[in-house]
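Colleague: What follows is upload_20.pdb, made up of PDB, C-alpha atoms, pLDDT in the B column:
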```pdb
ATOM      1  CA  MET A1495      79.803  64.418  86.119  1.00 43.00           C
ATOM      2  CA  ARG A1496      83.117  65.955  87.096  1.00 45.00           C
ATOM      3  CA  SER A1497      86.185  66.099  84.917  1.00 43.00           C
ATOM      4  CA  PRO A1498      89.374  64.231  85.840  1.00 45.00           C
ATOM      5  CA  ILE A1499      91.262  65.855  88.719  1.00 44.00           C
ATOM      6  CA  LYS A1500      94.665  67.249  87.822  1.00 44.00           C
ATOM      7  CA  ASN A1501      97.246  68.208  90.464  1.00 42.00           C
ATOM      8  CA  ARG A1502      98.090  71.407  88.578  1.00 44.00           C
ATOM      9  CA  LEU A1503      94.687  72.816  89.583  1.00 46.00           C
ATOM     10  CA  TRP A1504      95.528  72.682  93.308  1.00 43.00           C
ATOM     11  CA  SER A1505      96.486  75.985  94.893  1.00 50.00           C
ATOM     12  CA  PRO A1506      98.866  75.714  97.880  1.00 47.00           C
ATOM     13  CA  ASP A1507      97.276  78.717  99.604  1.00 52.00           C
ATOM     14  CA  GLY A1508      93.926  76.914  99.758  1.00 48.00           C
ATOM     15  CA  THR A1509      92.061  79.225  97.383  1.00 62.00           C
ATOM     16  CA  LEU A1510      90.919  76.340  95.221  1.00 58.00           C
ATOM     17  CA  ASN A1511      89.668  73.015  96.471  1.00 56.00           C
ATOM     18  CA  VAL A1512      89.935  70.775  93.421  1.00 51.00           C
ATOM     19  CA  LEU A1513      87.553  68.161  94.706  1.00 49.00           C
ATOM     20  CA  GLU A1514      84.760  70.684  95.273  1.00 54.00           C
ATOM     21  CA  ASP A1515      85.568  73.597  92.983  1.00 56.00           C
ATOM     22  CA  THR A1516      86.388  72.008  89.625  1.00 55.00           C
ATOM     23  CA  ARG A1517      83.646  71.789  86.995  1.00 59.00           C
ATOM     24  CA  PRO A1518      83.663  70.677  83.347  1.00 62.00           C
ATOM     25  CA  ILE A1519      82.881  73.339  80.729  1.00 58.00           C
ATOM     26  CA  THR A1520      79.419  71.856  80.174  1.00 62.00           C
ATOM     27  CA  ASP A1521      78.438  72.532  83.812  1.00 60.00           C
ATOM     28  CA  PRO A1522      78.463  76.379  83.620  1.00 54.00           C
ATOM     29  CA  ARG A1523      76.571  76.218  80.339  1.00 58.00           C
ATOM     30  CA  HIS A1524      73.683  74.546  82.108  1.00 61.00           C
ATOM     31  CA  ASN A1525      74.103  75.481  85.785  1.00 68.00           C
ATOM     32  CA  THR A1526      75.687  78.939  85.914  1.00 74.00           C
ATOM     33  CA  PRO A1527      73.579  80.184  88.863  1.00 79.00           C
ATOM     34  CA  ASP A1528      74.536  77.102  90.911  1.00 79.00           C
ATOM     35  CA  LEU A1529      78.219  77.575  90.117  1.00 79.00           C
ATOM     36  CA  VAL A1530      78.152  81.248  91.135  1.00 79.00           C
ATOM     37  CA  GLU A1531      76.239  80.423  94.328  1.00 81.00           C
ATOM     38  CA  GLN A1532      78.775  77.727  95.233  1.00 80.00           C
ATOM     39  CA  SER A1533      81.597  80.218  94.780  1.00 80.00           C
ATOM     40  CA  ARG A1534      79.765  82.818  96.872  1.00 83.00           C
ATOM     41  CA  ARG A1535      79.078  80.340  99.707  1.00 83.00           C
ATOM     42  CA  SER A1536      82.568  78.854  99.774  1.00 82.00           C
ATOM     43  CA  GLY A1537      84.448  82.119  99.206  1.00 80.00           C
ATOM     44  CA  ARG A1538      86.631  80.276  96.714  1.00 81.00           C
ATOM     45  CA  PRO A1539      86.755  80.469  92.925  1.00 82.00           C
ATOM     46  CA  ALA A1540      85.432  77.553  90.910  1.00 79.00           C
ATOM     47  CA  ALA A1541      87.702  76.273  88.151  1.00 76.00           C
ATOM     48  CA  VAL A1542      86.072  75.511  84.827  1.00 79.00           C
ATOM     49  CA  THR A1543      87.801  72.768  82.856  1.00 78.00           C
ATOM     50  CA  HIS A1544      87.863  71.611  79.268  1.00 76.00           C
ATOM     51  CA  ARG A1545      89.271  68.152  78.583  1.00 79.00           C
ATOM     52  CA  GLY A1546      90.698  68.004  82.089  1.00 77.00           C
ATOM     53  CA  ARG A1547      92.566  71.318  81.936  1.00 76.00           C
ATOM     54  CA  SER A1548      91.533  74.475  83.753  1.00 77.00           C
ATOM     55  CA  ILE A1549      90.515  77.214  81.321  1.00 77.00           C
ATOM     56  CA  SER A1550      88.662  79.717  83.478  1.00 77.00           C
ATOM     57  CA  ALA A1551      87.579  80.593  87.009  1.00 80.00           C
ATOM     58  CA  VAL A1552      84.239  81.776  88.361  1.00 80.00           C
ATOM     59  CA  GLU A1553      84.209  83.924  91.475  1.00 82.00           C
ATOM     60  CA  ASP A1554      81.572  86.127  93.080  1.00 82.00           C
ATOM     61  CA  VAL A1555      82.165  89.865  92.727  1.00 82.00           C
ATOM     62  CA  ARG A1556      82.691  90.670  96.427  1.00 84.00           C
ATOM     63  CA  THR A1557      85.384  87.999  96.811  1.00 83.00           C
ATOM     64  CA  TYR A1558      86.984  89.121  93.543  1.00 84.00           C
ATOM     65  CA  LYS A1559      87.135  92.745  94.712  1.00 89.00           C
ATOM     66  CA  GLN A1560      88.649  91.708  98.053  1.00 88.00           C
ATOM     67  CA  ARG A1561      91.256  89.570  96.292  1.00 86.00           C
ATOM     68  CA  LEU A1562      92.037  92.425  93.886  1.00 90.00           C
ATOM     69  CA  SER A1563      92.447  94.910  96.768  1.00 94.00           C
ATOM     70  CA  ARG A1564      94.865  92.565  98.550  1.00 93.00           C
ATOM     71  CA  LEU A1565      96.844  92.093  95.328  1.00 94.00           C
ATOM     72  CA  GLU A1566      97.048  95.854  94.722  1.00 95.00           C
ATOM     73  CA  LEU A1567      98.253  96.395  98.298  1.00 96.00           C
ATOM     74  CA  ALA A1568     100.880  93.655  97.928  1.00 96.00           C
ATOM     75  CA  GLU A1569     102.113  95.271  94.693  1.00 96.00           C
ATOM     76  CA  LYS A1570     102.412  98.664  96.423  1.00 95.00           C
ATOM     77  CA  VAL A1571     104.337  97.126  99.313  1.00 95.00           C
ATOM     78  CA  ALA A1572     106.675  95.347  96.884  1.00 96.00           C
ATOM     79  CA  ARG A1573     107.228  98.596  94.968  1.00 94.00           C
ATOM     80  CA  GLY A1574     108.027 100.373  98.254  1.00 92.00           C
ATOM     81  CA  ILE A1575     110.476  97.665  99.282  1.00 94.00           C
ATOM     82  CA  ARG A1576     112.249  97.859  95.912  1.00 95.00           C
ATOM     83  CA  ALA A1577     112.454 101.651  96.194  1.00 93.00           C
ATOM     84  CA  ALA A1578     113.872 101.423  99.733  1.00 91.00           C
ATOM     85  CA  GLU A1579     116.439  98.848  98.610  1.00 94.00           C
ATOM     86  CA  GLN A1580     117.584 101.302  95.929  1.00 94.00           C
ATOM     87  CA  GLY A1581     117.836 104.106  98.469  1.00 92.00           C
ATOM     88  CA  ASP A1582     114.782 105.916  97.137  1.00 91.00           C
ATOM     89  CA  PHE A1583     113.062 106.861 100.393  1.00 87.00           C
ATOM     90  CA  VAL A1584     112.403 109.822 102.659  1.00 89.00           C
ATOM     91  CA  TYR A1585     112.972 109.885 106.408  1.00 91.00           C
ATOM     92  CA  HIS A1586     109.887 110.291 108.576  1.00 92.00           C
ATOM     93  CA  SER A1587     110.931 113.726 109.874  1.00 94.00           C
ATOM     94  CA  THR A1588     111.437 115.016 106.318  1.00 93.00           C
ATOM     95  CA  ALA A1589     108.084 113.612 105.196  1.00 91.00           C
ATOM     96  CA  MET A1590     106.325 115.266 108.158  1.00 93.00           C
ATOM     97  CA  LYS A1591     107.902 118.642 107.350  1.00 93.00           C
ATOM     98  CA  ARG A1592     106.758 118.340 103.716  1.00 91.00           C
ATOM     99  CA  LEU A1593     103.286 117.372 104.852  1.00 90.00           C
ATOM    100  CA  GLU A1594     103.096 120.365 107.209  1.00 91.00           C
ATOM    101  CA  THR A1595     103.923 122.758 104.368  1.00 90.00           C
ATOM    102  CA  VAL A1596     101.221 121.201 102.170  1.00 88.00           C
ATOM    103  CA  VAL A1597      98.547 121.017 104.871  1.00 87.00           C
ATOM    104  CA  GLY A1598      99.555 124.298 106.439  1.00 77.00           C
ATOM    105  CA  GLU A1599      99.610 123.228 110.086  1.00 62.00           C
TER
END
```
I'd like the structure from this file rewritten - as structure tokens, please.
Modeller:
Amino acid sequence: MRSPIKNRLWSPDGTLNVLEDTRPITDPRHNTPDLVEQSRRSGRPAAVTHRGRSISAVEDVRTYKQRLSRLELAEKVARGIRAAEQGDFVYHSTAMKRLETVVGE
């Protein structure tokens, strides 16, 4: 038995399919291996709900690590963009000269 579907569980980037990936809290208590396998097969997290509200997500480790790596990269890019906007950058030629002194070539 699935819990009521709430629009707030839908993710616009397609990472959560509410019709397939939403489970009531009692489901993981009894069917944890099935829930993890579903997440592994689909590549999407499964939302766990309590009284119709999402409270947790289950995701296989490989997908989690990939998602975390993409997030870390996006944060580094954003930090670089902010630094460049504030004028905190080094021209390529200057960076190459610094690198040559460190590497010794």
Colleague: Leaving out stretch 1555-1569 of chain A and any residue of its chain fewer than 6 positions from it, which residues lie within 12 Å of it when counting only C-alpha atoms, given as a ChimeraX atom specification?
Modeller: /A:1509,1530-1531,1533-1540,1575-1576
Colleague: Show me, as lines of an AutoDock Vina configuration file, the centre and edge lengths in Å to one decimal of the axis-aligned box that covers every listed atom of stretch 1526-1536 of chain A with 8 Å on each side.
Modeller:
```
center_x = 78.1
center_y = 80.0
center_z = 92.8
size_x = 25.0
size_y = 21.7
size_z = 29.9
```
Colleague: Quick one: distance from atom CA of A:Gly1581 to atom CA of A:Thr1595 in Å, one decimal?
Modeller: 24.0 Å
Colleague: Figure out the distance between atom CA of A:Glu1594 and atom CA of A:Ala1577, please, to one decimal in Å.
Modeller: 23.6 Å
Colleague: For atom CA of A:Ala1551 and atom CA of A:Gln1532, quote the distance in Å rounded to one decimal.
Modeller: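 That distance, rounded to one decimal, is 12.4 Å.
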